[in-house]
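Enquirer: Got a structure for you, questions after.
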Amino acid sequence: MGVLKVKSRFVSAIVLMMLALSAGCVPSLTGAHYLQQEDYDEGIRSMRQELAQNPNDPAANYYLGRMYMAKQEPEPALPYLEKAAKLDPEDSDYHFWVGVANWALLNFDKEREAYRRALQANTRHVSANLYLAHNYLDRGEWENALAFYDRVLELDPYNPEALYSRGEALYGMGRKEEAHQAWLEFMEAYPDGVLGFKATENLNLLGDYTYRNYILGQRKITLRVPRFEMGETIMTLTDESKPSLSVLGAMLENNRKLDVHVVVFDASGAASAKRKALLIRNYVSRMWPEVDPSRLKPSWFGQGEKVETEDGTMTLDETVKFITVVE
Amino acid sequence: MNSLCRVILFTTFLTLQAVSASADDGLQRSHEDWSPQVAAVLKQARELRFPTSLLEAKAMEGRAKRVPAVRVAAVLKAHLDSYLKARAALADLPGERDPYKEVLAGEAIGSGASEQAVRAYFKRFPDQKLDRFSLGMDMLGMFGELDYPVEDAMRIFTAGFQSGTLDGEWRYFSRVITLTRSRGLSDDAAAKVAVEVLKEGGTVRDAMALLGLTSRGLFEERK
């Protein structure tokens, strides 16, 4: 381990030396290197040395600010970032980071102004478009937020934050059906993670239970609710249900202390509900042979499930809940 | 007075207060340099037994910016009036009168805090150390600018003081409240989240995320 560390430092030193030789010790190269290596203290020392020799070097000011930002110290970062932006107003990144630092210091007006400057320098700066949209969203300026999220998606069609947040903007404008579609689109692309969890909460409140958030063991997880289709003779799981059940199987395999109740609600009757619960259990244990079927405990109700939505209580005719078995 | 000025002035105030014994003579001497209008307000403040370091810092700032002395004096008088309001509001509270805290209360009133809010704060947190006490009082002033409910403010201070987690980062929490209001969230909801986060030792950014506000990455390379 120690040898590896020494080697890595040696390589790092060689890289820095080469950068210095090849580029005349350009701060933008050394600064980027320290940022990438997450060696912020050394980066700060290096940039300070640069600034001692050339206090008006925009890149040295910028990277010094960035090092402080990375250390979560926006207060000392801001003056350096501002100076970089003043010295080289054509660099959109400099303005962009002035905006981020101002956000961290809760200066939301100045944040907005900085992103606007970044976009004056480069209208295609994805992050400046995105964060400007966020700034509008946080203030409930929905139309402006939506316009900039759409701009982000023109530049970066699968940007997760823009895909998720445009749903919030649409919802804020009262365009609930479009918000619904936006969150579904987001879930198609990013069905898990923090934003997936939030999108699922939002969809559930709108009465769409295609996805549900579950707490399995110690983990909060978003899964697509299994659906079933009737063939000529037998009932099967739909194809889109299978990835979620694979996730469940993997969790059971990785955590041998985890057992799960598989609870099926089916308004068409208890027999159908039972068949669906067993289908899920059998599918998981077949795909994950290490998982003993007894760890999936089926239960069923021959009626729909009552759930809360923003418009009140509604009944889901068919749904599945996974509940951690508590000893 | 904008927030940055407030912080600078307050820092000056604390610094001057820390060396008040030795500084008093020096400040006395500097009074001779003030214009008659400014000197008159400072004299009145001293006669009323208010510490004048903050007023002097303000006067120095005005002088540095070449603001006409009459206007500077008017500003100082407004501050002094706020101090007097604070003193009156706190007059019947038990305990020894602390002129430094009266000045802090006056500044909060000048910023927008109600006398009722200042009284509530003094009653609940009389023994906080000066730096914490002043941070809370500063926040109270900013909450006052927003007409933020006093009870919600007190809940936030209670959680922050009890857990020891209320630090300078929270000074501008009122700006977050401005955002949550524009998003249609209640002041009560904002207070609940702040209390929860302070009890857990979290940051303002944690509170913002819980309030459904957007976040920014402070690390990553972005394009």
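Labels for the structure tokens follow display order: chains A, B, ..., residues from 1 in each chain, ligands from 1.
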Mind listing as an MDAnalysis selection string which residues of chain A are within 8 Å of chain B, counting only C-alpha atoms?

Expert: chainID A and resid 66 69:70 72 93 100:101 103:107 125:127 131 134:135 137:140

Enquirer: Could you turn the residues from that selection into a file that holds N, CA and C atoms, as a short mmCIF file (atom, residue, chain, number, x, y, z; two decimals), in the first residue's frame?

Expert:
data_model
loop_
_atom_site.label_atom_id
_atom_site.label_comp_id
_atom_site.auth_asym_id
_atom_site.auth_seq_id
_atom_site.Cartn_x
_atom_site.Cartn_y
_atom_site.Cartn_z
N ARG A 66 -11.18 27.93 -7.11
CA ARG A 66 -11.75 26.58 -7.26
C ARG A 66 -11.29 25.63 -6.14
N MET A 69 -13.30 26.40 -3.21
CA MET A 69 -14.67 25.89 -3.41
C MET A 69 -14.71 24.40 -3.15
N ALA A 70 -13.72 23.69 -3.65
CA ALA A 70 -13.69 22.24 -3.48
C ALA A 70 -13.55 21.88 -2.00
N GLN A 72 -15.06 23.39 0.18
CA GLN A 72 -16.32 23.92 0.73
C GLN A 72 -16.09 25.20 1.52
N ASP A 93 -16.38 30.11 -17.80
CA ASP A 93 -16.21 29.32 -16.57
C ASP A 93 -15.95 30.21 -15.36
N VAL A 100 -21.59 30.12 -8.66
CA VAL A 100 -21.70 29.00 -7.71
C VAL A 100 -21.27 29.46 -6.30
N ALA A 101 -20.18 30.23 -6.25
CA ALA A 101 -19.72 30.71 -4.94
C ALA A 101 -20.78 31.60 -4.30
N TRP A 103 -23.97 31.44 -4.78
CA TRP A 103 -25.06 30.57 -4.31
C TRP A 103 -24.70 29.99 -2.92
N ALA A 104 -23.45 29.51 -2.81
CA ALA A 104 -23.04 28.89 -1.55
C ALA A 104 -23.07 29.91 -0.41
N LEU A 105 -22.92 31.19 -0.77
CA LEU A 105 -22.97 32.23 0.26
C LEU A 105 -24.37 32.83 0.38
N LEU A 106 -25.31 32.21 -0.27
CA LEU A 106 -26.73 32.62 -0.25
C LEU A 106 -26.96 33.99 -0.87
N ASN A 107 -26.05 34.41 -1.76
CA ASN A 107 -26.26 35.67 -2.50
C ASN A 107 -26.94 35.34 -3.83
N HIS A 125 -22.94 27.32 -22.63
CA HIS A 125 -22.40 26.78 -21.36
C HIS A 125 -23.53 26.03 -20.66
N VAL A 126 -23.47 24.73 -20.67
CA VAL A 126 -24.59 23.91 -20.17
C VAL A 126 -24.86 24.20 -18.69
N SER A 127 -23.81 24.21 -17.90
CA SER A 127 -24.01 24.36 -16.46
C SER A 127 -24.53 25.75 -16.09
N TYR A 131 -27.84 26.11 -14.00
CA TYR A 131 -27.91 26.75 -12.69
C TYR A 131 -28.73 28.05 -12.73
N HIS A 134 -32.07 26.77 -12.28
CA HIS A 134 -32.27 26.44 -10.86
C HIS A 134 -32.57 27.71 -10.05
N ASN A 135 -31.82 28.75 -10.36
CA ASN A 135 -32.00 30.01 -9.64
C ASN A 135 -33.44 30.52 -9.85
N LEU A 137 -36.00 28.65 -10.69
CA LEU A 137 -36.92 27.68 -10.09
C LEU A 137 -37.09 27.94 -8.59
N ASP A 138 -35.96 28.18 -7.92
CA ASP A 138 -36.01 28.38 -6.47
C ASP A 138 -36.85 29.59 -6.09
N ARG A 139 -36.98 30.52 -7.02
CA ARG A 139 -37.78 31.71 -6.73
C ARG A 139 -39.20 31.60 -7.28
N GLY A 140 -39.52 30.44 -7.78
CA GLY A 140 -40.86 30.26 -8.32
C GLY A 140 -41.08 31.00 -9.62
#

Enquirer: Which neighbours of B:Met154 fall inside 9 Å, counting only C-alpha atoms, when residues of the same chain fewer than 3 positions from it are skipped, and could you give them as a ChimeraX atom specification?

Expert: /B:117,120-121,124,140,149-151,157-159

Enquirer: Keeping only C-alpha atoms, take the residues you just selected and write them out as a PDB file, in the first residue's frame.

Expert:
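Once everything was written out, this is part-v3.pdb:
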ATOM      1  CA  ALA B 117     -39.113  40.105  19.125  1.00  0.00           C
ATOM      2  CA  ALA B 120     -38.552  37.611  23.501  1.00  0.00           C
ATOM      3  CA  TYR B 121     -34.958  36.988  22.479  1.00  0.00           C
ATOM      4  CA  ARG B 124     -35.072  33.311  26.267  1.00  0.00           C
ATOM      5  CA  LEU B 140     -33.425  38.522  14.266  1.00  0.00           C
ATOM      6  CA  PRO B 149     -42.956  35.117  12.822  1.00  0.00           C
ATOM      7  CA  VAL B 150     -41.157  35.667  16.113  1.00  0.00           C
ATOM      8  CA  GLU B 151     -42.075  32.222  17.440  1.00  0.00           C
ATOM      9  CA  PHE B 157     -32.478  29.955  17.854  1.00  0.00           C
ATOM     10  CA  THR B 158     -33.421  27.465  20.561  1.00  0.00           C
ATOM     11  CA  ALA B 159     -32.385  24.505  18.409  1.00  0.00           C
TER      12      ALA B 159
END

Enquirer: Could you give me, as number ranges by chain, the residues within 10 Å of B:Lys192, counting only C-alpha atoms and dropping anything in the same chain fewer than 2 positions from it?

Expert: B: 152, 155-156, 186-190, 194-198, 207, 211

Enquirer: Write out as a PyMOL selection string the residues lying within 12 Å of stretch 180-184 of chain A, counting only C-alpha atoms and excluding same-chain residues fewer than 4 positions away.

Expert: chain A and resi 146+149-150+160-172+174-176+188-191+195-211+224

Enquirer: Could you give me the residues within stretch 52-279 of chain A that DSSP places in strand (DSSP E), as an NGL selection string?

Expert: :A and (211-216 or 219-224 or 228-230 or 235-237 or 260-266)
